[in-house]
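*Asks:* The following file, upload02.cif, comprises mmCIF, C-alpha atoms:
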data_input
loop_
_atom_site.label_atom_id
_atom_site.label_comp_id
_atom_site.auth_asym_id
_atom_site.auth_seq_id
_atom_site.Cartn_x
_atom_site.Cartn_y
_atom_site.Cartn_z
CA MET W 1 -1.97 115.08 153.15
CA ARG W 2 -1.44 118.37 154.88
CA LEU W 3 -4.37 120.53 155.81
CA LEU W 4 -3.26 123.48 153.68
CA ASP W 5 -3.02 121.26 150.60
CA MET W 6 -6.69 120.45 150.91
CA PHE W 7 -7.51 124.10 150.31
CA ARG W 8 -4.86 124.62 147.68
CA GLY W 9 -5.76 121.50 145.76
CA ARG W 10 -3.11 118.94 144.93
CA GLU W 11 -0.81 120.23 142.22
CA LYS W 12 0.72 117.86 139.67
CA GLN W 13 3.59 115.91 141.18
CA THR W 14 6.72 117.10 139.46
CA ALA W 15 8.75 114.06 140.49
CA SER W 16 6.55 111.74 138.43
CA VAL W 17 6.88 114.05 135.43
CA ALA W 18 10.66 113.92 135.85
CA LYS W 19 10.59 110.14 136.05
CA GLU W 20 8.58 109.73 132.86
CA ARG W 21 10.83 112.13 130.95
CA LEU W 22 13.98 110.40 132.14
CA GLN W 23 12.69 106.93 131.37
CA LEU W 24 12.15 107.96 127.76
CA ILE W 25 15.62 109.48 127.41
CA VAL W 26 17.37 106.55 129.05
CA ALA W 27 15.48 103.90 127.09
CA HIS W 28 16.37 105.80 123.96
CA ARG W 29 20.07 105.98 124.74
CA ARG W 30 20.25 102.36 125.79
CA SER W 31 18.62 101.21 122.57
CA GLY W 32 21.47 102.92 120.72
CA GLY W 33 19.77 106.26 120.14
CA LEU W 34 18.95 107.27 116.60
CA LYS W 35 22.22 105.90 115.33
CA GLY W 36 20.52 102.67 114.38
CA PRO W 37 22.12 99.24 114.10
CA VAL W 38 25.89 98.91 113.84
CA TYR W 39 25.78 97.68 110.26
CA LEU W 40 24.33 100.96 108.95
CA PRO W 41 27.64 102.61 107.94
CA GLN W 42 28.68 99.50 106.00
CA MET W 43 25.28 99.24 104.36
CA GLN W 44 25.56 102.88 103.39
CA ALA W 45 28.97 102.25 101.78
CA ASP W 46 27.68 99.17 99.93
CA LEU W 47 24.66 101.05 98.60
CA LEU W 48 26.90 103.84 97.41
CA ALA W 49 29.08 101.34 95.53
CA VAL W 50 26.05 99.78 93.83
CA ILE W 51 24.64 103.13 92.77
CA ARG W 52 28.01 104.16 91.39
CA LYS W 53 27.89 101.23 88.96
CA TYR W 54 25.15 103.13 87.17
CA VAL W 55 25.50 106.80 87.96
CA GLU W 56 28.19 109.11 89.29
CA VAL W 57 27.29 110.45 92.72
CA SER W 58 29.10 112.14 95.59
CA ASP W 59 29.99 110.51 98.91
CA GLU W 60 27.04 112.23 100.56
CA ALA W 61 24.52 110.95 98.02
CA VAL W 62 23.17 108.19 100.25
CA LYS W 63 21.57 109.26 103.51
CA ILE W 64 20.19 106.76 105.99
CA ASP W 65 18.07 107.71 108.97
CA VAL W 66 16.45 105.58 111.60
CA GLU W 67 13.37 106.94 113.26
CA ARG W 68 11.37 105.46 116.03
CA ASP W 69 7.63 105.87 116.16
CA GLY W 70 6.30 104.09 119.23
CA ASP W 71 7.20 100.44 118.75
CA LEU W 72 7.88 100.92 115.07
CA GLU W 73 11.32 101.58 113.63
CA VAL W 74 11.45 103.33 110.28
CA LEU W 75 14.52 103.11 108.09
CA GLU W 76 14.59 106.08 105.79
CA LEU W 77 16.81 105.95 102.76
CA ASN W 78 17.49 109.03 100.66
CA ILE W 79 19.50 108.93 97.45
CA VAL W 80 20.33 112.22 95.84
CA VAL W 81 21.36 112.13 92.20
CA PRO W 82 22.63 115.34 90.57
CA ASP W 83 20.38 116.96 87.94
CA GLY W 84 20.53 115.45 84.48
CA ARG W 85 22.52 112.37 85.48
CA LEU W 86 19.63 109.91 85.62
CA MET N 1 45.98 90.82 146.88
CA ALA N 2 45.73 92.93 143.77
CA ALA N 3 44.77 96.57 144.21
CA LYS N 4 41.25 97.57 143.36
CA ILE N 5 40.81 100.71 141.27
CA ILE N 6 37.55 102.52 141.91
CA VAL N 7 36.43 105.58 139.95
CA VAL N 8 34.06 108.12 141.46
CA THR N 9 32.22 109.65 138.56
CA SER N 10 28.96 111.38 137.61
CA GLY N 11 29.17 113.32 134.37
CA LYS N 12 27.48 116.35 135.90
CA GLY N 13 29.46 118.70 138.10
CA GLY N 14 28.60 119.70 141.64
CA VAL N 15 26.77 116.52 142.59
CA GLY N 16 29.28 115.39 145.23
CA LYS N 17 32.05 113.44 143.49
CA THR N 18 34.88 114.96 145.50
CA THR N 19 32.92 114.86 148.75
CA THR N 20 32.21 111.19 148.08
CA SER N 21 35.80 110.41 147.02
CA ALA N 22 37.17 112.02 150.17
CA SER N 23 34.79 110.27 152.54
CA PHE N 24 34.92 106.92 150.76
CA ALA N 25 38.73 106.86 150.77
CA THR N 26 38.85 108.02 154.39
CA GLY N 27 36.35 105.35 155.41
CA LEU N 28 38.30 102.56 153.70
CA ALA N 29 41.50 103.75 155.39
CA GLN N 30 39.78 103.97 158.80
CA ARG N 31 38.86 100.33 158.42
CA GLY N 32 42.50 99.43 157.98
CA HIS N 33 42.80 99.32 154.20
CA ASN N 34 45.79 101.02 152.68
CA THR N 35 44.13 103.57 150.38
CA VAL N 36 45.18 106.32 148.00
CA VAL N 37 42.84 108.89 146.50
CA ILE N 38 43.82 110.67 143.26
CA ASP N 39 42.44 113.94 141.93
CA PHE N 40 42.01 113.64 138.13
CA ASP N 41 40.67 117.18 137.73
CA VAL N 42 43.76 118.68 136.12
CA GLY N 43 43.57 122.46 136.12
CA LEU N 44 40.83 122.62 138.76
CA ARG N 45 42.12 120.66 141.69
CA ASN N 46 39.91 120.59 144.75
CA LEU N 47 40.33 117.25 146.47
CA ASP N 48 43.28 118.68 148.45
CA LEU N 49 40.96 121.36 149.87
CA ILE N 50 38.26 118.89 150.86
CA MET N 51 40.90 116.66 152.47
CA GLY N 52 42.49 119.67 154.17
CA CYS N 53 45.99 119.17 152.77
CA GLU N 54 46.16 122.05 150.27
CA ARG N 55 49.18 123.61 151.97
CA ARG N 56 51.15 120.38 151.78
CA VAL N 57 50.96 119.92 148.01
CA VAL N 58 54.49 120.12 146.63
CA TYR N 59 54.36 117.75 143.68
CA ASP N 60 51.30 116.51 141.85
CA PHE N 61 49.98 113.74 139.58
CA VAL N 62 51.33 115.36 136.40
CA ASN N 63 54.79 115.82 137.93
CA VAL N 64 54.88 112.08 138.59
CA ILE N 65 53.69 111.21 135.08
CA ASN N 66 56.37 113.47 133.60
CA GLY N 67 59.07 112.01 135.82
CA GLU N 68 59.66 115.36 137.56
CA ALA N 69 58.96 113.81 140.94
CA SER N 70 58.76 110.32 142.38
CA LEU N 71 55.52 108.93 143.72
CA ARG N 72 57.00 108.98 147.19
CA GLN N 73 57.64 112.70 146.88
CA ALA N 74 54.18 113.45 145.52
CA LEU N 75 52.02 111.32 147.82
CA ILE N 76 50.67 113.28 150.77
CA LYS N 77 50.08 111.22 153.90
CA ASP N 78 46.83 112.17 155.58
CA LYS N 79 47.30 113.61 159.07
CA LYS N 80 43.95 112.59 160.51
CA VAL N 81 43.73 108.98 159.37
CA ASP N 82 46.37 106.27 159.01
CA ASN N 83 46.70 104.22 155.81
CA LEU N 84 45.53 107.14 153.66
CA SER N 85 47.43 109.06 150.98
CA ILE N 86 46.41 111.77 148.56
CA LEU N 87 47.77 112.49 145.10
CA ALA N 88 46.83 116.03 144.09
CA ALA N 89 45.92 117.17 140.60
CA SER N 90 48.12 119.61 138.76
CA GLN N 91 47.00 123.20 138.25
CA THR N 92 48.39 123.26 134.71
CA ARG N 93 46.13 124.48 131.92
CA ASP N 94 47.60 121.96 129.51
CA LYS N 95 44.69 119.62 128.89
CA ASP N 96 46.96 116.98 127.40
CA ALA N 97 48.99 116.71 130.61
CA LEU N 98 47.41 113.33 131.34
CA SER N 99 48.13 110.50 128.93
CA GLN N 100 46.71 107.01 129.02
CA GLU N 101 50.17 105.52 129.10
CA GLY N 102 51.30 107.86 131.90
CA VAL N 103 48.20 107.30 134.04
CA GLY N 104 48.47 103.55 133.54
CA ARG N 105 52.10 103.60 134.62
CA VAL N 106 51.38 105.54 137.84
CA LEU N 107 48.40 103.34 138.72
CA GLU N 108 50.49 100.24 138.21
CA GLU N 109 53.11 101.57 140.59
CA LEU N 110 50.48 102.54 143.18
CA ALA N 111 48.94 99.08 142.94
CA LYS N 112 52.10 97.63 144.49
CA ASP N 113 51.58 99.56 147.74
CA PHE N 114 47.87 100.17 148.07
CA GLU N 115 44.76 98.00 148.40
CA TYR N 116 42.37 100.63 147.10
CA ILE N 117 43.03 103.32 144.52
CA ILE N 118 40.21 105.87 144.39
CA CYS N 119 40.06 108.01 141.26
CA ASP N 120 38.15 111.26 141.74
CA SER N 121 36.94 112.09 138.24
CA PRO N 122 36.40 115.62 136.94
CA ALA N 123 32.96 116.56 135.66
CA GLY N 124 32.20 116.16 131.98
CA ILE N 125 33.35 113.46 129.59
CA GLU N 126 36.60 115.02 128.42
CA LYS N 127 40.02 113.44 128.64
CA GLY N 128 40.50 113.66 132.44
CA ALA N 129 37.14 112.01 133.06
CA MET N 130 37.77 109.32 130.43
CA LEU N 131 41.16 108.49 131.95
CA ALA N 132 39.76 108.41 135.50
CA MET N 133 37.31 105.76 134.26
CA TYR N 134 39.57 103.86 131.90
CA PHE N 135 41.51 101.66 134.34
CA ALA N 136 38.71 101.18 136.89
CA ASP N 137 37.55 97.83 138.25
CA GLU N 138 34.52 99.35 139.93
CA ALA N 139 32.66 102.65 139.69
CA LEU N 140 30.71 104.76 142.14
CA VAL N 141 28.23 106.72 140.05
CA VAL N 142 27.30 109.77 142.11
CA THR N 143 23.84 111.05 141.24
CA ASN N 144 21.47 113.70 142.57
CA PRO N 145 17.73 113.00 142.38
CA GLU N 146 17.37 115.59 139.65
CA VAL N 147 16.81 115.28 135.88
CA SER N 148 20.11 116.57 134.50
CA SER N 149 22.18 114.57 136.96
CA VAL N 150 20.30 111.33 136.25
CA ARG N 151 20.65 111.79 132.51
CA ASP N 152 24.37 112.51 132.81
CA SER N 153 24.81 109.44 135.00
CA ASP N 154 23.16 107.33 132.33
CA ARG N 155 25.57 108.77 129.79
CA VAL N 156 28.53 107.96 132.03
CA LEU N 157 27.24 104.41 132.53
CA GLY N 158 27.28 104.04 128.75
CA ILE N 159 30.95 105.05 128.71
CA LEU N 160 31.82 102.72 131.60
CA GLN N 161 30.21 99.89 129.68
CA SER N 162 32.04 100.53 126.42
CA LYS N 163 35.18 102.65 126.68
CA THR N 164 37.07 101.22 129.66
CA GLU N 165 40.09 98.92 129.68
CA ARG N 166 38.23 95.98 131.19
CA VAL N 167 35.58 96.15 128.49
CA VAL N 168 37.84 97.02 125.56
CA HIS N 169 40.19 94.14 126.43
CA GLY N 170 37.36 91.73 127.15
CA ILE N 171 38.30 91.22 130.81
CA GLY N 172 34.73 91.78 131.93
CA PRO N 173 32.36 94.55 132.90
CA ILE N 174 33.05 97.20 135.54
CA LYS N 175 31.08 96.72 138.74
CA GLU N 176 28.75 99.70 139.07
CA HIS N 177 27.40 101.22 142.28
CA LEU N 178 24.82 103.98 142.60
CA VAL N 179 25.46 106.67 145.20
CA LEU N 180 22.48 108.98 145.54
CA THR N 181 23.46 112.28 147.18
CA ARG N 182 21.69 115.44 148.35
CA TYR N 183 18.59 113.38 149.03
CA SER N 184 15.67 115.03 150.75
CA ALA N 185 13.14 112.51 152.06
CA GLN N 186 10.83 115.38 152.85
CA ARG N 187 10.70 116.61 149.27
CA VAL N 188 10.36 113.06 148.00
CA ALA N 189 7.34 112.63 150.27
CA LYS N 190 5.81 115.76 148.77
CA GLY N 191 6.33 114.40 145.25
CA GLU N 192 8.80 117.15 144.44
CA MET N 193 11.88 114.98 144.13
CA LEU N 194 12.68 111.69 142.41
CA SER N 195 12.74 108.91 144.98
CA VAL N 196 15.56 106.44 145.40
CA ASP N 197 13.31 103.79 143.82
CA ASP N 198 12.63 106.06 140.85
CA VAL N 199 16.33 106.65 140.22
CA GLN N 200 17.16 102.98 140.60
CA GLU N 201 14.37 102.01 138.25
CA ILE N 202 15.59 104.50 135.64
CA LEU N 203 19.30 103.72 135.85
CA ALA N 204 19.11 100.04 136.86
CA VAL N 205 22.31 100.17 138.92
CA PRO N 206 22.62 98.52 142.36
CA LEU N 207 22.34 101.06 145.17
CA LEU N 208 25.39 101.47 147.41
CA GLY N 209 24.20 104.37 149.50
CA VAL N 210 21.90 107.34 149.92
CA VAL N 211 23.42 110.48 151.41
CA PRO N 212 20.90 113.02 152.67
CA GLU N 213 21.13 116.73 151.92
CA SER N 214 22.98 117.97 154.95
CA ALA N 215 24.42 121.19 156.34
CA THR N 216 27.33 119.18 157.71
CA VAL N 217 28.76 118.63 154.21
CA LEU N 218 29.44 122.36 153.74
CA ASN N 219 30.75 122.71 157.29
CA SER N 220 33.14 119.83 156.71
CA SER N 221 34.46 121.17 153.42
CA ASN N 222 34.85 124.61 155.02
CA ALA N 223 37.06 122.95 157.61
CA GLY N 224 38.91 120.67 155.16
CA SER N 225 37.81 117.49 156.88
CA PRO N 226 35.90 114.72 155.07
CA VAL N 227 32.32 114.56 156.32
CA ILE N 228 32.72 110.88 157.26
CA LEU N 229 34.84 112.15 160.17
CA GLU N 230 31.57 113.53 161.63
CA PRO N 231 30.03 110.13 162.35
CA GLU N 232 27.25 111.65 164.43
CA SER N 233 25.98 113.69 161.48
CA ASP N 234 23.43 112.32 159.00
CA ALA N 235 25.72 112.62 155.95
CA GLY N 236 28.72 111.30 157.88
CA SER N 237 26.88 108.24 159.12
CA ALA N 238 25.46 107.65 155.64
CA TYR N 239 29.02 107.49 154.31
CA MET N 240 30.05 105.16 157.15
CA ASP N 241 27.24 102.79 156.16
CA LEU N 242 28.19 103.12 152.50
CA VAL N 243 31.78 102.09 153.17
CA ASP N 244 30.69 99.13 155.33
CA ARG N 245 28.27 98.03 152.62
CA PHE N 246 31.02 98.29 150.01
CA LEU N 247 33.15 96.01 152.18
CA GLY N 248 30.36 93.45 152.20
CA GLU N 249 28.57 94.16 155.45
CA GLU N 250 24.80 94.36 155.74
CA ARG N 251 23.61 97.87 156.54
CA PRO N 252 19.99 98.88 156.09
CA HIS N 253 19.52 102.08 154.09
CA ARG N 254 18.65 105.07 156.23
CA PHE N 255 17.36 108.59 155.60
CA LEU N 256 14.88 107.29 153.02
CA THR N 257 11.78 108.41 154.87
CA GLU N 258 10.73 111.65 156.40
CA GLU N 259 11.37 112.17 160.09
CA ARG N 260 8.17 112.21 162.07
CA LYS N 261 6.98 115.72 162.66
CA GLY N 262 4.92 117.00 165.54
CA PHE N 263 1.19 117.50 165.19
CA LEU N 264 1.41 121.14 164.10
CA GLY N 265 4.18 120.34 161.64
CA ARG N 266 2.04 117.70 160.00
CA LEU N 267 -0.94 119.98 159.93
CA PHE N 268 0.71 122.92 158.26
CA GLY N 269 3.88 121.55 156.76
CA THR N 270 7.02 123.61 156.92
#
Go ahead and express the file in the form of structure tokens.
*Replies:*
Amino acid sequence: MRLLDMFRGREKQTASVAKERLQLIVAHRRSGGLKGPVYLPQMQADLLAVIRKYVEVSDEAVKIDVERDGDLEVLELNIVVPDGRL
Amino acid sequence: MAAKIIVVTSGKGGVGKTTTSASFATGLAQRGHNTVVIDFDVGLRNLDLIMGCERRVVYDFVNVINGEASLRQALIKDKKVDNLSILAASQTRDKDALSQEGVGRVLEELAKDFEYIICDSPAGIEKGAMLAMYFADEALVVTNPEVSSVRDSDRVLGILQSKTERVVHGIGPIKEHLVLTRYSAQRVAKGEMLSVDDVQEILAVPLLGVVPESATVLNSSNAGSPVILEPESDAGSAYMDLVDRFLGEERPHRFLTEERKGFLGRLFGT
């Protein structure tokens, strides 16, 4: 450690901050990002077909999101049915 | 022996792709390998400047693709080094000037005459960059020890692993090499810059070479002479090592640690 640093006090090492931030981003991309598993689009289409057996909905009626919370993956499914159709 | 196609890529601009392409191609040629280096940056050609042949460009890559010139007419033979040719990019603003079919055709023809085909990719992940990567057997991923460059390199690695001919056609993965440029051991020691170990740990790509931040790089590009032709300089010798390592020789990595300073330097820093 240099003499002047002893008086200044050691500031937070920016390189280690950079490393932590990058590790998160890279791990995220390599796990496929928030796109979720490859079968999601097909599952979305299948769900839409099932719902349409009972009620008329638009192509955008079924929304699927994957969220990651620590080690936990949450699959969020949203089905929007127009007013008065249920 | 079949030609090897090597893409020099990075995602981010300004990290040293063209500098690396020029020195890598020059180094391979110096060691007796018949090498051609191609500028894929259509509209913003610069490899010719770094190689010092900008006044000898008559025909370019796009002319060859369009059949307006033969390869023999368009290839520029380097004046400083034997076994080295340059294919310049076109200055057209037509971003569709490169086609996969056209690029593939030219590379196939080049493969008959050359051992190494170096593709200098443009920045970004648009068409030119995708095509520079598409036919590659190996990739040099040029990265600066800096957050945006590392992230972009990761992005480019994702493309190399999914959108290239070898992968799409199930031939096998592209061999990846990390080239860390503009490295400052001094700033790493102070904890201000990602270290080579940090970057390797994040990207998980085998390290081919570390090129230190060096004044010689700018001097060399000013003069239009690849920095590897300054073998006494730090950056030049780093590229020499890198080429030797690529060709399978053992070369310890240099420039990873700070040079020893005198007593006063250590006391006060500089």
*Asks:* Output the residue selection produced by the PyMOL selection byres ((chain W) within 8 of (chain N)) on the file above, formatted as a tab-separated table (two decimals) with C-alpha atoms, keeping the file's coordinate frame.
*Replies:*
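Everything below was put into result23.tsv:
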chain	number	residue	atom	x	y	z
W	2	ARG	CA	-1.44	118.37	154.88
W	3	LEU	CA	-4.37	120.53	155.81
W	4	LEU	CA	-3.26	123.48	153.68
W	13	GLN	CA	3.59	115.91	141.18
W	14	THR	CA	6.72	117.10	139.46
W	15	ALA	CA	8.75	114.06	140.49
W	16	SER	CA	6.55	111.74	138.43
W	18	ALA	CA	10.66	113.92	135.85
W	19	LYS	CA	10.59	110.14	136.05
W	22	LEU	CA	13.98	110.40	132.14
W	23	GLN	CA	12.69	106.93	131.37
W	25	ILE	CA	15.62	109.48	127.41
W	26	VAL	CA	17.37	106.55	129.05
W	29	ARG	CA	20.07	105.98	124.74
W	30	ARG	CA	20.25	102.36	125.79
*Asks:* Run the PyMOL selection byres ((chain N and resi 40) around 9) against the file shown and list the residues it catches, as a list in words.
*Replies:*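 Evaluating the PyMOL selection byres ((chain N and resi 40) around 9) on this file yields Ile38, Asp39, Asp41, Val42, Arg45, Phe61, Ala88, Ala89, Ser90, Leu98, Cys119, Asp120, Ser121, Pro122, Gly128, Ala129, Leu131 and Ala132 of chain N.
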*Asks:* Could you please take those selected residues and save C-alpha atoms as a PDB file, in the frame of the given file?
*Replies:*
ATOM      1  CA  ILE N  38      43.820 110.670 143.260  1.00  0.00           C
ATOM      2  CA  ASP N  39      42.440 113.940 141.930  1.00  0.00           C
ATOM      3  CA  ASP N  41      40.670 117.180 137.730  1.00  0.00           C
ATOM      4  CA  VAL N  42      43.760 118.680 136.120  1.00  0.00           C
ATOM      5  CA  ARG N  45      42.120 120.660 141.690  1.00  0.00           C
ATOM      6  CA  PHE N  61      49.980 113.740 139.580  1.00  0.00           C
ATOM      7  CA  ALA N  88      46.830 116.030 144.090  1.00  0.00           C
ATOM      8  CA  ALA N  89      45.920 117.170 140.600  1.00  0.00           C
ATOM      9  CA  SER N  90      48.120 119.610 138.760  1.00  0.00           C
ATOM     10  CA  LEU N  98      47.410 113.330 131.340  1.00  0.00           C
ATOM     11  CA  CYS N 119      40.060 108.010 141.260  1.00  0.00           C
ATOM     12  CA  ASP N 120      38.150 111.260 141.740  1.00  0.00           C
ATOM     13  CA  SER N 121      36.940 112.090 138.240  1.00  0.00           C
ATOM     14  CA  PRO N 122      36.400 115.620 136.940  1.00  0.00           C
ATOM     15  CA  GLY N 128      40.500 113.660 132.440  1.00  0.00           C
ATOM     16  CA  ALA N 129      37.140 112.010 133.060  1.00  0.00           C
ATOM     17  CA  LEU N 131      41.160 108.490 131.950  1.00  0.00           C
ATOM     18  CA  ALA N 132      39.760 108.410 135.500  1.00  0.00           C
TER      19      ALA N 132
END
*Asks:* Run the PyMOL selection byres ((chain N and resi 62-64) around 10) against the file shown and list the residues it catches, as JSON, numbers by chain.
*Replies:* {"N": [40, 42, 58, 59, 60, 61, 65, 66, 67, 68, 69, 70, 71, 72, 73, 74, 75, 87, 88, 89, 90, 91, 92, 97, 98, 99, 102, 103, 105, 106]}
*Asks:* Find the residues around segment 226-231 of chain N up to 9 Å (all atoms listed in the file counted), leave out those fewer than 2 positions away in its own chain, and share them as a list in words.
*Replies:*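 So, after excluding close chain neighbours, the residues are Thr19, Thr20, Ala22, Ser23, Phe24, Thr26, Gly27, Ile50, Met51, Gly52, Thr216, Val217, Leu218, Asn219, Ser220, Ser221, Ala223, Gly224, Ser233, Asp234, Ala235, Gly236, Ser237, Ala238, Tyr239 and Met240 of chain N.
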*Asks:* Pick out the residues sitting within 7 Å of Ile79 of chain W, and hand them over as a ChimeraX atom specification; count all atoms listed in the file, and ignore anything fewer than 2 positions along from it in its own chain.
*Replies:* /W:61-63,77,81
*Asks:* Report as JSON, numbers by chain all protein, DNA and RNA residues lying within 9 Å of Pro82 of chain W, evaluated on all atoms listed in the file, omitting residues in the same chain fewer than 6 positions from it.
*Replies:* {"W": [56, 57, 58, 61]}
